[in-house]
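Below is one structure; the comments refer to it alone.
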Amino acid sequence: MKKLSARRRHPLAAVVVLFIALAACAGLYTAFAPADKAQADETSQSLAIDEGKRLYSVGCASCHGTGGQGTSDGPQLVGVGAAAVDFQVGTGRMPAQQPGAQIPKKKVIYSQAEIDQLAAYIASLGAGPSIPTDEEYSPAGADIAKGGELFRTNCAQCHNFTGKGGALSEGKYAPTLEGVDPKHIYEAMQTGPQNMPSFPDTTMTEKNKKDIIAYLDAVNGDDTVEPGGLSLGGLGPVSEGLFAWVFGLGGLIAVAVWVAARTAKAKKS
């Protein structure tokens, strides 16, 4: 009886064994789960790149070359990054309807999923600006006054003071920024499409871009009030002064002619 009692297990032995088993399972999950997730993400990215390459071959290769090297009909795409693709295709500028001084915005023909796949393929050809996150371009918490100062210094020469757009030389123009998706404004600053200079983070910080977007939202939003009445396209004091001179001085001349004509008739009678 004493020998049997000595061989009997301790009451807590089962608990200890269970604890060790759970710890082992947790260790195995920690060791293998991240790898599985990383592998799944890599597989998903590879599939997106493959699908993007297929879309590119059908809709883009004829102008930009089979490997994005560019041709006489389209520039090189190696190194432009995913942000450039998201902007150009997401605004309908690409695929281009026809070559010209400037490619206009038009109806988007690809879904966002297809745009993401095209962007993934182009990004795989060479490093470039990535598609910004909501936090990067959201106007929430931005400094609107600072954004207005930055916009007038860097952008108003082409887009005018409130982003209504304006004409440039040789058939080119700065498009209106009214109603443009904040993401696309951010991407345009990142990539410098067509005639626009680029403003990477080394030139203009992420915070500054956010401030500019907030300013444009403030001056062109649905709740914006025009205290002066007719805005004349937001072109500023030059156009407003010209309006005053043309119509104001023209009105004075018309009144002077009318008075002179009345006076001449009075003298004859």
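We label chains A, B, ... in the order they appear in the structure tokens, count residues from 1 in each chain, and number ligands from 1 in the order shown.
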Close residues, stretch 180-188 of chain A itself excluded, 8 Å, only C-alpha atoms, min 3 positions apart in chain, as an MDAnalysis selection string: chainID A and resid 83:84 86:87 91 131:132 134 137:138 177 191:193 196 198 209:210 213
Suppose we keep all heavy atoms; can you now write the selection as a compact mmCIF listing (two decimals), in the first residue's frame?
# COMPACT_ATOMS: atom_id res chain seq x y z
N ALA A 83 1.52 56.14 -56.76
CA ALA A 83 0.72 57.37 -56.64
C ALA A 83 0.44 58.00 -58.00
O ALA A 83 -0.66 58.51 -58.24
CB ALA A 83 1.44 58.37 -55.74
N ALA A 84 1.40 57.96 -58.90
CA ALA A 84 1.21 58.53 -60.23
C ALA A 84 0.13 57.77 -60.99
O ALA A 84 -0.71 58.36 -61.68
CB ALA A 84 2.53 58.51 -61.01
N ASP A 86 -2.34 55.97 -59.62
CA ASP A 86 -3.63 56.21 -58.98
C ASP A 86 -4.19 57.57 -59.39
O ASP A 86 -5.39 57.71 -59.60
CB ASP A 86 -3.46 56.15 -57.46
CG ASP A 86 -4.80 56.13 -56.73
OD1 ASP A 86 -5.50 55.11 -56.80
OD2 ASP A 86 -5.15 57.15 -56.10
N PHE A 87 -3.32 58.57 -59.54
CA PHE A 87 -3.79 59.90 -59.97
C PHE A 87 -4.21 59.89 -61.43
O PHE A 87 -5.33 60.31 -61.77
CB PHE A 87 -2.69 60.94 -59.76
CG PHE A 87 -3.03 62.29 -60.35
CD1 PHE A 87 -3.84 63.17 -59.65
CD2 PHE A 87 -2.59 62.66 -61.61
CE1 PHE A 87 -4.19 64.40 -60.19
CE2 PHE A 87 -2.93 63.88 -62.16
CZ PHE A 87 -3.74 64.76 -61.45
N THR A 91 -8.27 59.68 -62.25
CA THR A 91 -8.96 60.88 -62.72
C THR A 91 -9.39 60.75 -64.18
O THR A 91 -9.92 61.71 -64.75
CB THR A 91 -8.05 62.12 -62.58
OG1 THR A 91 -6.85 61.94 -63.35
CG2 THR A 91 -7.68 62.37 -61.13
N ILE A 131 0.81 55.38 -52.82
CA ILE A 131 -0.53 55.97 -52.65
C ILE A 131 -0.69 56.43 -51.21
O ILE A 131 -0.43 55.66 -50.28
CB ILE A 131 -1.62 54.95 -53.02
CG1 ILE A 131 -1.47 54.54 -54.49
CG2 ILE A 131 -3.01 55.53 -52.76
CD1 ILE A 131 -2.40 53.42 -54.91
N PRO A 132 -1.08 57.69 -50.97
CA PRO A 132 -1.17 58.19 -49.59
C PRO A 132 -2.33 57.56 -48.83
O PRO A 132 -3.31 57.10 -49.42
CB PRO A 132 -1.38 59.69 -49.78
CG PRO A 132 -2.03 59.82 -51.12
CD PRO A 132 -1.43 58.72 -51.96
N ASP A 134 -5.46 57.83 -45.85
CA ASP A 134 -6.47 58.82 -45.49
C ASP A 134 -5.92 59.86 -44.52
O ASP A 134 -6.23 61.04 -44.63
CB ASP A 134 -7.69 58.13 -44.85
CG ASP A 134 -8.44 57.26 -45.84
OD1 ASP A 134 -8.13 57.35 -47.04
OD2 ASP A 134 -9.32 56.49 -45.43
N TYR A 137 -3.87 62.85 -46.23
CA TYR A 137 -4.51 63.92 -47.01
C TYR A 137 -5.80 64.46 -46.40
O TYR A 137 -6.40 65.40 -46.93
CB TYR A 137 -4.77 63.46 -48.45
CG TYR A 137 -5.63 62.23 -48.59
CD1 TYR A 137 -7.01 62.29 -48.45
CD2 TYR A 137 -5.07 61.00 -48.89
CE1 TYR A 137 -7.81 61.17 -48.59
CE2 TYR A 137 -5.86 59.86 -49.04
CZ TYR A 137 -7.22 59.96 -48.90
OH TYR A 137 -8.00 58.84 -49.05
N SER A 138 -6.25 63.89 -45.31
CA SER A 138 -7.47 64.40 -44.68
C SER A 138 -7.24 65.81 -44.14
O SER A 138 -6.23 66.08 -43.47
CB SER A 138 -7.88 63.48 -43.53
OG SER A 138 -8.93 64.08 -42.78
N LEU A 177 -9.20 73.10 -59.30
CA LEU A 177 -9.06 72.18 -58.17
C LEU A 177 -10.36 72.05 -57.40
O LEU A 177 -10.40 71.36 -56.39
CB LEU A 177 -7.94 72.67 -57.25
CG LEU A 177 -6.56 72.81 -57.91
CD1 LEU A 177 -5.55 73.33 -56.91
CD2 LEU A 177 -6.10 71.50 -58.51
N THR A 191 3.71 63.83 -57.24
CA THR A 191 4.24 63.31 -58.50
C THR A 191 4.46 64.36 -59.58
O THR A 191 5.21 64.10 -60.53
CB THR A 191 3.30 62.22 -59.05
OG1 THR A 191 2.00 62.79 -59.31
CG2 THR A 191 3.13 61.09 -58.04
N GLY A 192 3.81 65.53 -59.49
CA GLY A 192 3.99 66.56 -60.50
C GLY A 192 3.53 66.13 -61.88
O GLY A 192 4.34 66.02 -62.81
N PRO A 193 2.23 65.90 -62.07
CA PRO A 193 1.76 65.44 -63.38
C PRO A 193 1.83 66.52 -64.45
O PRO A 193 1.61 67.70 -64.18
CB PRO A 193 0.29 65.06 -63.10
CG PRO A 193 -0.09 65.93 -61.94
CD PRO A 193 1.13 66.07 -61.11
N MET A 196 2.96 70.35 -64.08
CA MET A 196 3.08 70.75 -62.68
C MET A 196 4.40 70.27 -62.08
O MET A 196 4.81 69.13 -62.31
CB MET A 196 1.91 70.17 -61.89
CG MET A 196 1.92 70.51 -60.42
SD MET A 196 0.42 69.90 -59.63
CE MET A 196 0.86 70.10 -57.90
N SER A 198 6.81 68.83 -59.08
CA SER A 198 6.53 67.92 -57.97
C SER A 198 7.00 68.54 -56.66
O SER A 198 7.95 69.32 -56.62
CB SER A 198 7.22 66.57 -58.20
OG SER A 198 8.63 66.75 -58.26
N LYS A 209 1.37 69.79 -47.12
CA LYS A 209 0.42 69.33 -48.15
C LYS A 209 -0.98 69.25 -47.55
O LYS A 209 -1.97 69.62 -48.19
CB LYS A 209 0.84 67.97 -48.70
CG LYS A 209 2.15 67.96 -49.49
CD LYS A 209 2.35 66.59 -50.12
CE LYS A 209 3.68 66.46 -50.82
NZ LYS A 209 4.81 66.26 -49.91
N LYS A 210 -1.06 68.74 -46.36
CA LYS A 210 -2.33 68.62 -45.66
C LYS A 210 -2.95 70.00 -45.44
O LYS A 210 -4.17 70.18 -45.59
CB LYS A 210 -2.09 67.91 -44.32
CG LYS A 210 -3.31 67.49 -43.53
CD LYS A 210 -2.87 66.86 -42.23
CE LYS A 210 -4.04 66.35 -41.41
NZ LYS A 210 -4.46 65.01 -41.84
N ILE A 213 -4.45 71.30 -48.74
CA ILE A 213 -5.71 70.62 -49.03
C ILE A 213 -6.83 71.19 -48.17
O ILE A 213 -7.96 71.40 -48.65
CB ILE A 213 -5.56 69.10 -48.81
CG1 ILE A 213 -4.64 68.51 -49.89
CG2 ILE A 213 -6.91 68.40 -48.84
CD1 ILE A 213 -4.24 67.07 -49.66
Residues of stretch 54-187 of chain A in alpha helix (DSSP H), written as a PyMOL selection string: chain A and resi 54-59+61-64+81-90+112-125+134-137+144-154+156-159+182-187
Residue set, stretch 90-262 of chain A restricted to strand (DSSP E), as a list of chain:residue names: A:Gly166, A:Ala167, A:Tyr173, A:Ala174
Distance query A:Ser62 at most 10 Å, only C-alpha atoms, self and fewer than 6 positions along chain excluded, as a list in words: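 Counting only C-alpha atoms, the residues come to Tyr56, Gly68, Gly70, Thr71, Asp73 and Gly74 of chain A.
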For stretch 88-90 of chain A: contacts at 7 Å, only C-alpha atoms, fewer than 5 positions along chain excluded, given as a list in words: Pro95, Val108 and Ile115 of chain A
Pick from A:Gly81, A:Gly221, A:Gly171, A:Pro75, whichever lies nearest to A:Asp116 using only C-alpha atoms: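 Smallest distance to A:Asp116 is found for A:Gly81.
Minimum distance to A:Met94 across A:Val78, A:Ile49, A:Leu150, A:Gln194 (counting only C-alpha atoms) occurs at A:Gln194.
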Nearby residues (only C-alpha atoms) at most 12 Å from A:Ser124, same-chain spacing under 4 positions excluded, as a PyMOL selection string: chain A and resi 45-46+48-50+52-53+67-68+77-82+117-120+128-130
